[in-house]
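Asks: I'd like to ask you about the structure that follows.
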Amino acid sequence: MYDILLNIIEEIGYFALFLVLCLGLIGLPIPNEAVVMTGGALAESGVLLPVPAFIMTCLGICSAMTFGYSIGRFAGSKLSEWFRSKKNIAAFVAKSEQLSERYGGYALSISLCLPFLRHVTPYVMGLNKMPYRRFALFAYPSAFVWTLIYFIVGSFVGDKVQMLANDIYKYGIWVVYALIAAVLGFIAFRFWRKRTQKDEKIESTM
């Protein structure tokens, strides 16, 4: 799986990150987490430039969410009965509807942390006729933050991306919470460190 992704990136470069995330909608067997973390790992190693790599991964996630929303908004009524006739898909649609009823637009943010639901929930939002502006308000900032977290994590784990991606799928949202806590803790530590150094410089000049 990881080798497939690396081969695609080697062939078409940055656009591969965008393309693979879009193809995830039709069952390409590469988890989104692995794609984004791979982008971060390759950027850290110098194979890819960080800014273009991050932009392409973020746009890939946003485009996938927008596509799902558009299908639900404009063709949802035709597909709804077919989806509900498929037991596996129907279960995810029902879960997405529960998230939507309970959390409203924040269901888009939550679903990003849950494999497959991240594809189904935008569709459900479109099916429920959520206005595009409201969809964009929740979807795109959430996609940016989600992508940033995994991109940063990828820059730290390097060639252990595949192993970590498998753990995320195995343990689900608890791993996500741990990653978020670790990243936020690191950011808080860096902020505290800079603040301390600044205070020390001020005291030394007095």
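Every chain in the structure tokens has a letter given in the order shown (A, B, ...), and although residue numbers restart at 1 in each chain, ligands are simply numbered from 1 in the order shown.
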Identify all residues of region 14-128 of chain A in alpha helix (DSSP H) (DSSP on the backbone) and supply them as JSON, numbers by chain.

Replies: {"A": [15, 16, 17, 18, 19, 20, 21, 22, 23, 32, 33, 34, 35, 36, 37, 38, 39, 40, 41, 42, 43, 44, 45, 50, 51, 52, 53, 54, 55, 56, 57, 58, 59, 60, 61, 62, 63, 64, 65, 66, 67, 68, 69, 70, 71, 72, 73, 74, 75, 76, 77, 78, 79, 80, 81, 82, 83, 84, 85, 87, 88, 89, 90, 91, 92, 93, 94, 95, 96, 97, 98, 99, 100, 101, 102, 103, 106, 107, 108, 109, 110, 111, 117, 118, 119, 120, 121, 122, 123, 124, 125, 126, 127]}

Asks: What lies within 9 Å of Ser63 (chain A) using only C-alpha atoms, ignoring chain neighbours under 4 positions off, as number ranges by chain?

Replies: A: 18, 21-22, 58-59, 67-68

Asks: Keeping N, CA and C atoms for every residue in the selection just given, could you write it to a file as a PDB file, in the first residue's frame?

Replies:
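File written: result.pdb
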ATOM      1  N   PHE A  18      -3.051  14.952  -4.320  1.00  0.00           N
ATOM      2  CA  PHE A  18      -4.430  15.379  -4.590  1.00  0.00           C
ATOM      3  C   PHE A  18      -5.227  14.246  -5.197  1.00  0.00           C
ATOM      4  N   LEU A  21      -6.159  11.173  -2.881  1.00  0.00           N
ATOM      5  CA  LEU A  21      -7.204  11.501  -1.910  1.00  0.00           C
ATOM      6  C   LEU A  21      -8.574  11.547  -2.576  1.00  0.00           C
ATOM      7  N   CYS A  22      -8.627  12.005  -3.821  1.00  0.00           N
ATOM      8  CA  CYS A  22      -9.890  11.999  -4.556  1.00  0.00           C
ATOM      9  C   CYS A  22     -10.311  10.572  -4.894  1.00  0.00           C
ATOM     10  N   CYS A  58      -4.328  19.125   1.240  1.00  0.00           N
ATOM     11  CA  CYS A  58      -5.504  19.810   1.783  1.00  0.00           C
ATOM     12  C   CYS A  58      -6.579  19.970   0.715  1.00  0.00           C
ATOM     13  N   LEU A  59      -6.176  20.346  -0.494  1.00  0.00           N
ATOM     14  CA  LEU A  59      -7.131  20.478  -1.597  1.00  0.00           C
ATOM     15  C   LEU A  59      -7.752  19.130  -1.940  1.00  0.00           C
ATOM     16  N   PHE A  67     -17.169  16.879  -3.350  1.00  0.00           N
ATOM     17  CA  PHE A  67     -17.776  15.940  -4.287  1.00  0.00           C
ATOM     18  C   PHE A  67     -18.894  15.149  -3.604  1.00  0.00           C
ATOM     19  N   GLY A  68     -18.625  14.664  -2.388  1.00  0.00           N
ATOM     20  CA  GLY A  68     -19.644  13.921  -1.659  1.00  0.00           C
ATOM     21  C   GLY A  68     -20.867  14.776  -1.375  1.00  0.00           C
TER      22      GLY A  68
END

Asks: Using CA of Thr66 (chain A) and CA of Asn128 (chain A) as the two end points, give the distance in Å to one decimal.

Replies: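 Here the two named atoms are 14.5 Å from each other.
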
Asks: Go ahead and compute the interatomic distance for CA of Ile9 (chain A) and CA of Tyr150 (chain A), in Å to one decimal.

Replies: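 Distance between the two atoms: 17.8 Å.
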
Asks: What is the distance, in Å and to one decimal place, between CA of Gly39 (chain A) and CA of Ala139 (chain A)?

Replies: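 Computing it gives 20.9 Å between the two atoms.
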
Asks: Which of these, A:Val124, A:Cys113, A:Ala64, A:Ala75, has the shortest distance to Glu97 (chain A) once you count only C-alpha atoms?

Replies: A:Val124

Asks: Of the candidates A:Phe151, A:Glu10, A:Tyr69, A:Met56, which shows the shortest atom-to-atom distance to Arg133 (chain A), using only C-alpha atoms?

Replies: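 Going through A:Phe151, A:Glu10, A:Tyr69, A:Met56 one by one, the smallest distance to Arg133 (chain A) is for A:Tyr69.
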
Asks: Please identify all polymer residues within 12 Å of Leu23 (chain A), counting only C-alpha atoms, omitting same-chain residues fewer than 6 positions from it, and present them as number ranges by chain.

Replies: A: 5, 16-17, 29-32, 35, 60-61, 63-65, 67, 119

Asks: Could you write out that same residue set with N, CA and C atoms as a CSV table (one decimal), in the first residue's frame?

Replies:
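Ended up saving to selection-v2.csv:
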chain,number,residue,atom,x,y,z
A,5,LEU,N,1.7,4.1,-3.1
A,5,LEU,CA,1.6,5.6,-3.0
A,5,LEU,C,2.9,6.2,-3.4
A,16,ALA,N,-0.1,13.8,-7.3
A,16,ALA,CA,-0.4,12.5,-6.8
A,16,ALA,C,-1.2,12.6,-5.4
A,17,LEU,N,-0.7,13.5,-4.6
A,17,LEU,CA,-1.3,13.6,-3.3
A,17,LEU,C,-2.8,14.0,-3.4
A,29,PRO,N,-7.2,1.6,-2.1
A,29,PRO,CA,-6.9,1.0,-0.8
A,29,PRO,C,-5.8,1.7,-0.1
A,30,ILE,N,-5.8,3.0,0.0
A,30,ILE,CA,-4.8,3.8,0.7
A,30,ILE,C,-5.5,4.7,1.6
A,31,PRO,N,-5.4,4.5,2.9
A,31,PRO,CA,-6.1,5.4,3.9
A,31,PRO,C,-5.7,6.9,3.7
A,32,ASN,N,-6.6,7.8,3.9
A,32,ASN,CA,-6.3,9.2,3.8
A,32,ASN,C,-5.2,9.6,4.8
A,35,VAL,N,-1.8,8.9,3.3
A,35,VAL,CA,-1.5,9.8,2.2
A,35,VAL,C,-0.9,11.1,2.8
A,60,GLY,N,-7.0,18.1,-1.8
A,60,GLY,CA,-7.5,16.7,-2.1
A,60,GLY,C,-8.6,16.4,-1.1
A,61,ILE,N,-8.4,16.6,0.2
A,61,ILE,CA,-9.4,16.4,1.2
A,61,ILE,C,-10.7,17.2,0.9
A,63,SER,N,-11.7,18.6,-1.8
A,63,SER,CA,-12.4,18.3,-3.1
A,63,SER,C,-13.2,17.0,-2.9
A,64,ALA,N,-12.7,16.0,-2.1
A,64,ALA,CA,-13.4,14.8,-1.8
A,64,ALA,C,-14.7,15.1,-1.0
A,65,MET,N,-14.6,16.0,0.0
A,65,MET,CA,-15.7,16.4,0.8
A,65,MET,C,-16.8,17.1,-0.1
A,67,PHE,N,-17.2,16.9,-3.4
A,67,PHE,CA,-17.8,15.9,-4.3
A,67,PHE,C,-18.9,15.1,-3.6
A,119,HIS,N,-16.4,10.1,4.2
A,119,HIS,CA,-16.9,10.2,2.8
A,119,HIS,C,-18.4,10.3,2.8

Asks: Tell me which of A:Asn7, A:Ser155, A:Gln98, A:Asn88 sits closest to Ala53 (chain A), counting only C-alpha atoms.

Replies: A:Ser155

Asks: Excluding Ala136 (chain A) and any residue of its chain fewer than 5 positions from it, enumerate the residues within 12 Å of it, using only C-alpha atoms, and give them as a PyMOL selection string.

Replies: chain A and resi 62-63+65-66+69-70+105-106+108-109+122+125-126+130-131+141-144

Asks: Please save N, CA and C atoms of the selected residues as a short mmCIF file (atom, residue, chain, number, x, y, z; two decimals), in the first residue's frame.

Replies:
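Output file result_1.cif is given in full below:
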data_model
loop_
_atom_site.label_atom_id
_atom_site.label_comp_id
_atom_site.auth_asym_id
_atom_site.auth_seq_id
_atom_site.Cartn_x
_atom_site.Cartn_y
_atom_site.Cartn_z
N CYS A 62 -10.45 18.53 0.67
CA CYS A 62 -11.56 19.45 0.43
C CYS A 62 -12.38 19.05 -0.78
N SER A 63 -11.68 18.64 -1.85
CA SER A 63 -12.39 18.26 -3.07
C SER A 63 -13.21 17.00 -2.86
N MET A 65 -14.57 16.00 -0.03
CA MET A 65 -15.74 16.37 0.76
C MET A 65 -16.76 17.12 -0.09
N THR A 66 -16.28 18.00 -0.96
CA THR A 66 -17.18 18.77 -1.83
C THR A 66 -17.90 17.87 -2.81
N TYR A 69 -20.63 16.02 -0.97
CA TYR A 69 -21.73 16.94 -0.70
C TYR A 69 -22.55 17.18 -1.97
N SER A 70 -21.88 17.39 -3.09
CA SER A 70 -22.56 17.67 -4.35
C SER A 70 -23.42 16.49 -4.80
N GLY A 105 -23.61 20.82 11.96
CA GLY A 105 -22.47 20.98 11.07
C GLY A 105 -21.18 20.42 11.63
N TYR A 106 -21.07 20.34 12.95
CA TYR A 106 -19.85 19.80 13.56
C TYR A 106 -19.67 18.32 13.25
N LEU A 108 -19.40 17.14 10.41
CA LEU A 108 -18.39 17.11 9.36
C LEU A 108 -16.99 17.05 9.96
N SER A 109 -16.78 17.83 11.01
CA SER A 109 -15.48 17.84 11.68
C SER A 109 -15.20 16.50 12.34
N PRO A 122 -20.43 14.09 4.28
CA PRO A 122 -20.73 15.18 3.34
C PRO A 122 -21.92 14.85 2.43
N MET A 125 -25.03 15.44 4.41
CA MET A 125 -25.28 16.88 4.53
C MET A 125 -25.90 17.43 3.26
N GLY A 126 -25.41 16.98 2.12
CA GLY A 126 -26.01 17.39 0.86
C GLY A 126 -27.41 16.86 0.70
N MET A 130 -28.25 20.91 3.28
CA MET A 130 -27.48 21.93 4.00
C MET A 130 -27.00 22.98 2.98
N PRO A 131 -27.19 24.27 3.25
CA PRO A 131 -26.70 25.30 2.33
C PRO A 131 -25.19 25.18 2.13
N PRO A 141 -12.44 24.55 6.98
CA PRO A 141 -11.53 24.75 8.13
C PRO A 141 -11.19 23.44 8.83
N SER A 142 -12.17 22.53 8.94
CA SER A 142 -11.91 21.23 9.56
C SER A 142 -10.90 20.44 8.75
N ALA A 143 -11.05 20.47 7.42
CA ALA A 143 -10.11 19.77 6.54
C ALA A 143 -8.71 20.34 6.68
N PHE A 144 -8.62 21.65 6.81
CA PHE A 144 -7.31 22.30 6.96
C PHE A 144 -6.62 21.84 8.24
#

Asks: Would you mind telling me which residue in A:Val157, A:Phe138, A:Arg73, A:Ala90 lies nearest to Gly104 (chain A) when using only C-alpha atoms?

Replies: A:Phe138

Asks: Which of these, A:Leu112, A:Ile12, A:Val145, A:Ala41, has the shortest distance to Ser96 (chain A) once you count only C-alpha atoms?

Replies: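 The shortest atom-to-atom distance to Ser96 (chain A) comes from A:Leu112.
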
Asks: Counting only C-alpha atoms, which residue out of A:Ser100, A:Thr38, A:Thr121, A:Ser111 sits closest to Phe54 (chain A)?

Replies: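 Result for the nearest residue to Phe54 (chain A): A:Thr38.
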